[in-house]
Amino acid sequence: MVTRRPLIAGNWKMNFDHLRAVAFVQKIAWTLNDAKFPLTEVEVAVFPPFTDIRSVQTLIESDSLSFSFGAQDVSPFDSGAYTGDISGEFLKRLNCRYVIIGHSERRQGHHETDEQVTAKTKAALKHGLVPVICVGETSDDLEEFGASAVPVTQLRAVLSELSAESEFVVAYEPVWAIGSGQAATPAQAQHVCAALRTVIAEEISTESAEASRILYGGSVKSGNIASFMREKDVDGALVGGASLDAEEFAKIVQFPRHVIA
Ligand code: 13P
């Protein structure tokens, strides 16, 4: 049986300029160091705005910090006349490991379709980045179709186009739980994450379903992370608001201490 290393990921969204980004990453590092929490059992990743990535990379690499980092979006294209877009090739040159794709704020605010999410996922994989594929239902979807129907359809649309060896992370983020303070219950998160794992098995392979990490996102805090992490199919969290507070984010990262307690 494969053990999946938990991933706690901070999506900063459009917060922190590059100077604040550097101070913030240092603060998380000091806080975890003071708490004597080794970053062996949990992977920590930060997703700063594009303009911060070079500074965050320089800090992480020069101080040998055990953090991964990535971008919040990527162009489906390699280069050319795409004003304002950022190529996966550029992100890879900055040593990004991950890129978030299809966040609901992009699906809604930028009208991104499943086709675009698929094209961006393929672009990420082509450039050696691990896509964090975001799926989730709105409150209307929840009422009309139940919790898992929309996320399952969104994930199937992408995975049906990928090859068997693709490495990816899935993030289940119910839109109604994002920034609302109203997280899903652990049982709700488990139900949908289990359905998403079945999609991975059907569209990619059972090995990929065993190995791929599925995150929950939506009003995750230090007070509820342990309850999500107790669920069998929840392998981590994609954290928004609470990832902007170093003390709080460091507490979330230390969830194993709460799970065991
Ligand atoms: P909150 O943690 O602020 O609800 O945001 C979740 C999110 O959108 C992470 O991508």
# chains A, B, ... in the order shown; residues from 1 in each chain; ligands from 1
call {"tool": "residues_near_ligand", "arguments": {"ligand": "ligand 1", "cutoff": "6 Å", "atoms": "only C-alpha atoms and all ligand atoms", "output": "PyMOL selection string"}}
result
chain A and resi 11+177-179+217-220+238-242
call {"tool": "select_by_dssp", "arguments": {"residues": "stretch 2-251 of chain A", "states": "strand (DSSP E or B)", "output": "PyMOL selection string"}}
result
chain A and resi 7-11+43-47+67-71+98-101+130-135+169-172+213-217+236-239
call {"tool": "atom_distance", "arguments": {"atom1": "atom CA of A:Gly109", "atom2": "atom CA of A:Trp12"}}
result
16.7 Å
call {"tool": "closest_residue", "arguments": {"among": "A:Glu165, A:Glu248, A:Glu203, A:Asp85", "to": "A:Lys126", "atoms": "only C-alpha atoms"}}
result
A:Glu165
call {"tool": "select_by_dssp", "arguments": {"residues": "stretch 110-177 of chain A", "states": "alpha helix (DSSP H)", "output": "compact mmCIF listing (two decimals) with N, CA, C and O atoms, in the first residue's frame"}}
result
# COMPACT_ATOMS: atom_id res chain seq x y z
N ASP A 114 -13.79 23.83 -18.73
CA ASP A 114 -13.07 22.56 -18.54
C ASP A 114 -12.03 22.36 -19.64
O ASP A 114 -10.96 21.80 -19.40
N GLU A 115 -12.33 22.85 -20.86
CA GLU A 115 -11.37 22.70 -21.97
C GLU A 115 -10.10 23.51 -21.68
O GLU A 115 -8.98 23.03 -21.91
N GLN A 116 -10.28 24.72 -21.16
CA GLN A 116 -9.10 25.54 -20.85
C GLN A 116 -8.32 24.95 -19.68
O GLN A 116 -7.09 24.95 -19.68
N VAL A 117 -9.06 24.45 -18.70
CA VAL A 117 -8.40 23.82 -17.55
C VAL A 117 -7.58 22.62 -18.03
O VAL A 117 -6.44 22.41 -17.61
N THR A 118 -8.14 21.87 -18.96
CA THR A 118 -7.43 20.71 -19.52
C THR A 118 -6.19 21.16 -20.28
O THR A 118 -5.09 20.59 -20.11
N ALA A 119 -6.33 22.20 -21.09
CA ALA A 119 -5.18 22.69 -21.88
C ALA A 119 -4.08 23.20 -20.96
O ALA A 119 -2.88 22.96 -21.19
N LYS A 120 -4.45 23.88 -19.88
CA LYS A 120 -3.45 24.39 -18.93
C LYS A 120 -2.78 23.23 -18.19
O LYS A 120 -1.57 23.27 -17.93
N THR A 121 -3.57 22.21 -17.86
CA THR A 121 -3.00 21.04 -17.17
C THR A 121 -1.97 20.36 -18.08
O THR A 121 -0.88 19.99 -17.62
N LYS A 122 -2.31 20.23 -19.34
CA LYS A 122 -1.36 19.60 -20.28
C LYS A 122 -0.10 20.45 -20.42
O LYS A 122 1.01 19.91 -20.51
N ALA A 123 -0.28 21.77 -20.44
CA ALA A 123 0.89 22.66 -20.56
C ALA A 123 1.79 22.51 -19.33
O ALA A 123 3.01 22.44 -19.45
N ALA A 124 1.17 22.43 -18.15
CA ALA A 124 1.96 22.26 -16.92
C ALA A 124 2.77 20.98 -17.00
O ALA A 124 3.99 20.96 -16.74
N LEU A 125 2.12 19.89 -17.36
CA LEU A 125 2.80 18.58 -17.41
C LEU A 125 3.92 18.60 -18.45
O LEU A 125 5.01 18.06 -18.22
N LYS A 126 3.66 19.24 -19.57
CA LYS A 126 4.67 19.32 -20.63
C LYS A 126 5.95 19.98 -20.12
O LYS A 126 7.04 19.61 -20.53
N SER A 139 -23.09 26.49 -4.40
CA SER A 139 -24.23 26.11 -3.55
C SER A 139 -25.44 25.73 -4.39
O SER A 139 -26.21 24.83 -4.02
N ASP A 140 -25.59 26.37 -5.57
CA ASP A 140 -26.70 25.99 -6.47
C ASP A 140 -26.50 24.56 -6.98
O ASP A 140 -27.44 23.77 -7.05
N ASP A 141 -25.25 24.26 -7.38
CA ASP A 141 -24.94 22.89 -7.84
C ASP A 141 -25.26 21.88 -6.74
O ASP A 141 -25.82 20.81 -7.00
N LEU A 142 -24.88 22.25 -5.52
CA LEU A 142 -25.07 21.35 -4.39
C LEU A 142 -26.55 21.02 -4.23
O LEU A 142 -26.93 19.85 -4.05
N GLU A 143 -27.36 22.07 -4.32
CA GLU A 143 -28.80 21.89 -4.17
C GLU A 143 -29.38 21.06 -5.32
O GLU A 143 -30.20 20.18 -5.12
N GLU A 144 -28.91 21.37 -6.53
CA GLU A 144 -29.51 20.73 -7.71
C GLU A 144 -28.98 19.30 -7.96
O GLU A 144 -29.75 18.41 -8.30
N PHE A 145 -27.66 19.12 -7.80
CA PHE A 145 -27.07 17.83 -8.21
C PHE A 145 -26.45 17.04 -7.06
O PHE A 145 -25.93 15.95 -7.28
N ALA A 149 -21.42 15.46 -7.92
CA ALA A 149 -21.66 15.38 -9.37
C ALA A 149 -20.78 16.37 -10.16
O ALA A 149 -20.09 15.98 -11.11
N VAL A 150 -20.79 17.63 -9.76
CA VAL A 150 -20.03 18.64 -10.54
C VAL A 150 -18.52 18.42 -10.41
O VAL A 150 -17.82 18.37 -11.43
N PRO A 151 -17.98 18.25 -9.19
CA PRO A 151 -16.54 18.00 -9.10
C PRO A 151 -16.10 16.75 -9.88
O PRO A 151 -15.05 16.76 -10.52
N VAL A 152 -16.90 15.72 -9.84
CA VAL A 152 -16.57 14.49 -10.58
C VAL A 152 -16.53 14.77 -12.08
O VAL A 152 -15.60 14.36 -12.79
N THR A 153 -17.50 15.50 -12.59
CA THR A 153 -17.53 15.83 -14.03
C THR A 153 -16.34 16.70 -14.41
O THR A 153 -15.70 16.48 -15.44
N GLN A 154 -16.04 17.69 -13.55
CA GLN A 154 -14.91 18.58 -13.84
C GLN A 154 -13.61 17.79 -13.88
O GLN A 154 -12.76 18.00 -14.76
N LEU A 155 -13.42 16.89 -12.93
CA LEU A 155 -12.16 16.14 -12.89
C LEU A 155 -12.07 15.16 -14.06
O LEU A 155 -11.02 15.02 -14.69
N ARG A 156 -13.19 14.51 -14.37
CA ARG A 156 -13.17 13.53 -15.46
C ARG A 156 -12.80 14.22 -16.78
O ARG A 156 -12.07 13.67 -17.60
N ALA A 157 -13.31 15.44 -16.98
CA ALA A 157 -13.03 16.17 -18.22
C ALA A 157 -11.52 16.35 -18.41
O ALA A 157 -11.01 16.21 -19.53
N VAL A 158 -10.80 16.61 -17.33
CA VAL A 158 -9.35 16.81 -17.45
C VAL A 158 -8.63 15.47 -17.55
O VAL A 158 -7.82 15.25 -18.46
N LEU A 159 -8.93 14.56 -16.63
CA LEU A 159 -8.15 13.31 -16.57
C LEU A 159 -8.34 12.45 -17.81
O LEU A 159 -7.43 11.70 -18.18
call {"tool": "closest_residue", "arguments": {"among": "A:Ala226, A:Ala147, A:Ile200, A:Val22", "to": "A:Glu161", "atoms": "only C-alpha atoms"}}
result
A:Ile200
call {"tool": "residues_around", "arguments": {"residues": "A:Val2", "least_positions_apart": "2", "cutoff": "9 Å", "atoms": "only C-alpha atoms", "output": "list in words"}}
result
Arg4, Glu207, Glu210 and Ala211 of chain A
call {"tool": "atom_distance", "arguments": {"atom1": "atom CA of A:Gly128", "atom2": "atom CA of A:Asp17"}}
result
26.4 Å
call {"tool": "closest_residue", "arguments": {"among": "A:Leu7, A:Arg197, A:Gly181, A:Asp73", "to": "A:Glu41", "atoms": "only C-alpha atoms"}}
result
A:Leu7
call {"tool": "atom_distance", "arguments": {"atom1": "atom CA of A:Phe69", "atom2": "atom CA of A:Gly236"}}
result
15.3 Å
